[in-house]
file run_7.pdb (PDB, C-alpha atoms, pLDDT in the B column)
ATOM      1  CA  MET A   1     134.944 120.228 184.715  1.00 85.00           C
ATOM      2  CA  LEU A   2     136.680 123.416 183.602  1.00 86.00           C
ATOM      3  CA  ASP A   3     138.246 123.699 187.057  1.00 89.00           C
ATOM      4  CA  TRP A   4     139.835 120.270 186.626  1.00 88.00           C
ATOM      5  CA  VAL A   5     141.202 121.124 183.186  1.00 90.00           C
ATOM      6  CA  LEU A   6     142.666 124.424 184.364  1.00 93.00           C
ATOM      7  CA  GLY A   7     144.116 122.752 187.447  1.00 91.00           C
ATOM      8  CA  ALA A   8     145.715 120.042 185.328  1.00 89.00           C
ATOM      9  CA  LEU A   9     147.127 122.634 182.930  1.00 92.00           C
ATOM     10  CA  ALA A  10     148.529 124.664 185.824  1.00 95.00           C
ATOM     11  CA  LEU A  11     150.150 121.583 187.351  1.00 93.00           C
ATOM     12  CA  MET A  12     151.637 120.594 183.990  1.00 93.00           C
ATOM     13  CA  LEU A  13     153.172 124.061 183.625  1.00 95.00           C
ATOM     14  CA  VAL A  14     154.693 123.806 187.109  1.00 96.00           C
ATOM     15  CA  PHE A  15     156.287 120.442 186.267  1.00 93.00           C
ATOM     16  CA  GLU A  16     157.438 121.668 182.853  1.00 93.00           C
ATOM     17  CA  GLY A  17     159.134 124.641 184.500  1.00 95.00           C
ATOM     18  CA  LEU A  18     161.006 122.671 187.152  1.00 95.00           C
ATOM     19  CA  LEU A  19     163.926 121.427 185.035  1.00 92.00           C
ATOM     20  CA  PRO A  20     164.738 124.731 183.293  1.00 94.00           C
ATOM     21  CA  PHE A  21     164.520 126.508 186.652  1.00 97.00           C
ATOM     22  CA  LEU A  22     166.591 124.036 188.640  1.00 97.00           C
ATOM     23  CA  SER A  23     169.123 123.055 185.977  1.00 96.00           C
ATOM     24  CA  PRO A  24     169.168 125.168 182.818  1.00 96.00           C
ATOM     25  CA  THR A  25     172.265 123.375 181.486  1.00 97.00           C
ATOM     26  CA  MET A  26     170.657 119.947 181.747  1.00 96.00           C
ATOM     27  CA  TRP A  27     167.430 121.303 180.226  1.00 95.00           C
ATOM     28  CA  ARG A  28     169.400 122.657 177.266  1.00 96.00           C
ATOM     29  CA  GLN A  29     171.061 119.245 176.763  1.00 96.00           C
ATOM     30  CA  VAL A  30     167.695 117.472 176.871  1.00 93.00           C
ATOM     31  CA  PHE A  31     166.246 119.984 174.402  1.00 91.00           C
ATOM     32  CA  GLU A  32     169.219 119.545 172.034  1.00 96.00           C
ATOM     33  CA  ARG A  33     168.725 115.763 172.108  1.00 95.00           C
ATOM     34  CA  ALA A  34     165.016 116.200 171.391  1.00 93.00           C
ATOM     35  CA  VAL A  35     165.792 118.379 168.356  1.00 95.00           C
ATOM     36  CA  ARG A  36     167.924 115.555 166.918  1.00 97.00           C
ATOM     37  CA  MET A  37     165.148 112.961 167.315  1.00 97.00           C
ATOM     38  CA  SER A  38     163.219 111.741 164.285  1.00 97.00           C
ATOM     39  CA  ASP A  39     159.509 112.459 163.888  1.00 97.00           C
ATOM     40  CA  GLY A  40     158.733 108.822 164.674  1.00 97.00           C
ATOM     41  CA  GLN A  41     160.695 108.942 167.932  1.00 97.00           C
ATOM     42  CA  ILE A  42     158.945 112.150 168.977  1.00 96.00           C
ATOM     43  CA  ARG A  43     155.541 110.663 168.142  1.00 97.00           C
ATOM     44  CA  PHE A  44     156.358 107.527 170.169  1.00 97.00           C
ATOM     45  CA  LEU A  45     157.429 109.670 173.116  1.00 96.00           C
ATOM     46  CA  GLY A  46     154.211 111.700 172.859  1.00 95.00           C
ATOM     47  CA  LEU A  47     152.081 108.556 172.623  1.00 97.00           C
ATOM     48  CA  SER A  48     153.879 107.029 175.616  1.00 97.00           C
ATOM     49  CA  CYS A  49     153.271 110.172 177.679  1.00 94.00           C
ATOM     50  CA  MET A  50     149.602 110.284 176.735  1.00 94.00           C
ATOM     51  CA  LEU A  51     149.093 106.605 177.578  1.00 97.00           C
ATOM     52  CA  ALA A  52     150.897 106.987 180.912  1.00 95.00           C
ATOM     53  CA  GLY A  53     148.759 110.023 181.729  1.00 90.00           C
ATOM     54  CA  MET A  54     145.537 108.248 180.825  1.00 93.00           C
ATOM     55  CA  LEU A  55     146.583 105.236 182.905  1.00 95.00           C
ATOM     56  CA  LEU A  56     147.307 107.464 185.888  1.00 90.00           C
ATOM     57  CA  LEU A  57     143.955 109.189 185.470  1.00 86.00           C
ATOM     58  CA  ALA A  58     142.155 105.854 185.227  1.00 92.00           C
ATOM     59  CA  ILE A  59     143.837 104.556 188.375  1.00 92.00           C
ATOM     60  CA  TRP A  60     143.390 107.806 190.313  1.00 84.00           C
ATOM     61  CA  HIS A  61     139.879 108.653 189.225  1.00 75.00           C
TER
END

call {"tool": "encode", "arguments": {"input": "run_7.pdb", "output": "structure tokens"}}
result
Amino acid sequence: MLDWVLGALALMLVFEGLLPFLSPTMWRQVFERAVRMSDGQIRFLGLSCMLAGMLLLAIWH
């Protein structure tokens, strides 16, 4: 189980690092837009990501 969690964390870090590595200017623009979002918008984005991830896990596993 711990292997799966560490593997998932490692993969997440790889994906999170792709945009700043490939296009730092675009990453900065995305980050600036995120800073201007309200708490409710950020929460909705987080909830959407979690639900999409759980759906993918349910389909895959």

call {"tool": "residues_around", "arguments": {"input": "run_7.pdb", "residues": "Trp4 of chain A", "least_positions_apart": "4", "cutoff": "12 Å", "atoms": "all atoms listed in the file", "output": "list of chain:residue names"}}
result
A:Ala8, A:Leu9, A:Ala10, A:Leu11, A:Leu57, A:His61

call {"tool": "atom_distance", "arguments": {"input": "run_7.pdb", "atom1": "atom CA of Glu32 of chain A", "atom2": "atom CA of Phe44 of chain A"}}
result
17.7 Å

call {"tool": "atom_distance", "arguments": {"input": "run_7.pdb", "atom1": "atom CA of Met50 of chain A", "atom2": "atom CA of Ala34 of chain A"}}
result
17.4 Å

call {"tool": "atom_distance", "arguments": {"input": "run_7.pdb", "atom1": "atom CA of Val5 of chain A", "atom2": "atom CA of Trp60 of chain A"}}
result
15.3 Å

call {"tool": "residues_around", "arguments": {"input": "run_7.pdb", "residues": "Leu19 of chain A", "least_positions_apart": "5", "cutoff": "12 Å", "atoms": "only C-alpha atoms", "output": "list in words"}}
result
Leu13, Val14, Pro24, Thr25, Met26, Trp27, Arg28, Gln29, Val30 and Phe31 of chain A

call {"tool": "axis_aligned_box", "arguments": {"input": "run_7.pdb", "around": "segment 17-33 of chain A", "padding_each_side": "3 Å", "output": "AutoDock Vina command-line options"}}
result
--center_x 165.7 --center_y 121.1 --center_z 180.3 --size_x 19.1 --size_y 16.7 --size_z 22.6

call {"tool": "build_atoms", "arguments": {"input": "run_7.pdb", "residues": "segment 13-27 of chain A", "atoms": "N, CA and C atoms", "output": "PDB file, keeping the file's coordinate frame"}}
result
ATOM      1  N   LEU A  13     152.235 122.953 183.807  1.00 95.00           N
ATOM      2  CA  LEU A  13     153.172 124.061 183.625  1.00 95.00           C
ATOM      3  C   LEU A  13     154.189 124.131 184.761  1.00 95.00           C
ATOM      4  N   VAL A  14     153.757 123.830 185.977  1.00 96.00           N
ATOM      5  CA  VAL A  14     154.693 123.806 187.109  1.00 96.00           C
ATOM      6  C   VAL A  14     155.754 122.733 186.874  1.00 96.00           C
ATOM      7  N   PHE A  15     155.327 121.517 186.507  1.00 93.00           N
ATOM      8  CA  PHE A  15     156.287 120.442 186.267  1.00 93.00           C
ATOM      9  C   PHE A  15     157.192 120.740 185.082  1.00 93.00           C
ATOM     10  N   GLU A  16     156.635 121.323 184.023  1.00 93.00           N
ATOM     11  CA  GLU A  16     157.438 121.668 182.853  1.00 93.00           C
ATOM     12  C   GLU A  16     158.488 122.725 183.188  1.00 93.00           C
ATOM     13  N   GLY A  17     158.201 123.579 184.146  1.00 95.00           N
ATOM     14  CA  GLY A  17     159.134 124.641 184.500  1.00 95.00           C
ATOM     15  C   GLY A  17     160.203 124.237 185.499  1.00 95.00           C
ATOM     16  N   LEU A  18     160.044 123.075 186.133  1.00 95.00           N
ATOM     17  CA  LEU A  18     161.006 122.671 187.152  1.00 95.00           C
ATOM     18  C   LEU A  18     162.422 122.486 186.609  1.00 95.00           C
ATOM     19  N   LEU A  19     162.584 121.714 185.542  1.00 92.00           N
ATOM     20  CA  LEU A  19     163.926 121.427 185.035  1.00 92.00           C
ATOM     21  C   LEU A  19     164.646 122.679 184.541  1.00 92.00           C
ATOM     22  N   PRO A  20     164.007 123.529 183.710  1.00 94.00           N
ATOM     23  CA  PRO A  20     164.738 124.731 183.293  1.00 94.00           C
ATOM     24  C   PRO A  20     165.072 125.652 184.465  1.00 94.00           C
ATOM     25  N   PHE A  21     164.250 125.655 185.502  1.00 97.00           N
ATOM     26  CA  PHE A  21     164.520 126.508 186.652  1.00 97.00           C
ATOM     27  C   PHE A  21     165.658 125.947 187.500  1.00 97.00           C
ATOM     28  N   LEU A  22     165.605 124.642 187.757  1.00 97.00           N
ATOM     29  CA  LEU A  22     166.591 124.036 188.640  1.00 97.00           C
ATOM     30  C   LEU A  22     167.928 123.761 187.954  1.00 97.00           C
ATOM     31  N   SER A  23     167.890 123.405 186.680  1.00 96.00           N
ATOM     32  CA  SER A  23     169.123 123.055 185.977  1.00 96.00           C
ATOM     33  C   SER A  23     169.035 123.451 184.504  1.00 96.00           C
ATOM     34  N   PRO A  24     169.284 124.726 184.212  1.00 96.00           N
ATOM     35  CA  PRO A  24     169.168 125.168 182.818  1.00 96.00           C
ATOM     36  C   PRO A  24     170.118 124.442 181.870  1.00 96.00           C
ATOM     37  N   THR A  25     171.305 124.071 182.346  1.00 97.00           N
ATOM     38  CA  THR A  25     172.265 123.375 181.486  1.00 97.00           C
ATOM     39  C   THR A  25     171.731 122.005 181.088  1.00 97.00           C
ATOM     40  N   MET A  26     171.210 121.262 182.045  1.00 96.00           N
ATOM     41  CA  MET A  26     170.657 119.947 181.747  1.00 96.00           C
ATOM     42  C   MET A  26     169.441 120.074 180.834  1.00 96.00           C
ATOM     43  N   TRP A  27     168.599 121.090 181.074  1.00 95.00           N
ATOM     44  CA  TRP A  27     167.430 121.303 180.226  1.00 95.00           C
ATOM     45  C   TRP A  27     167.854 121.558 178.791  1.00 95.00           C
TER      46      TRP A  27
END
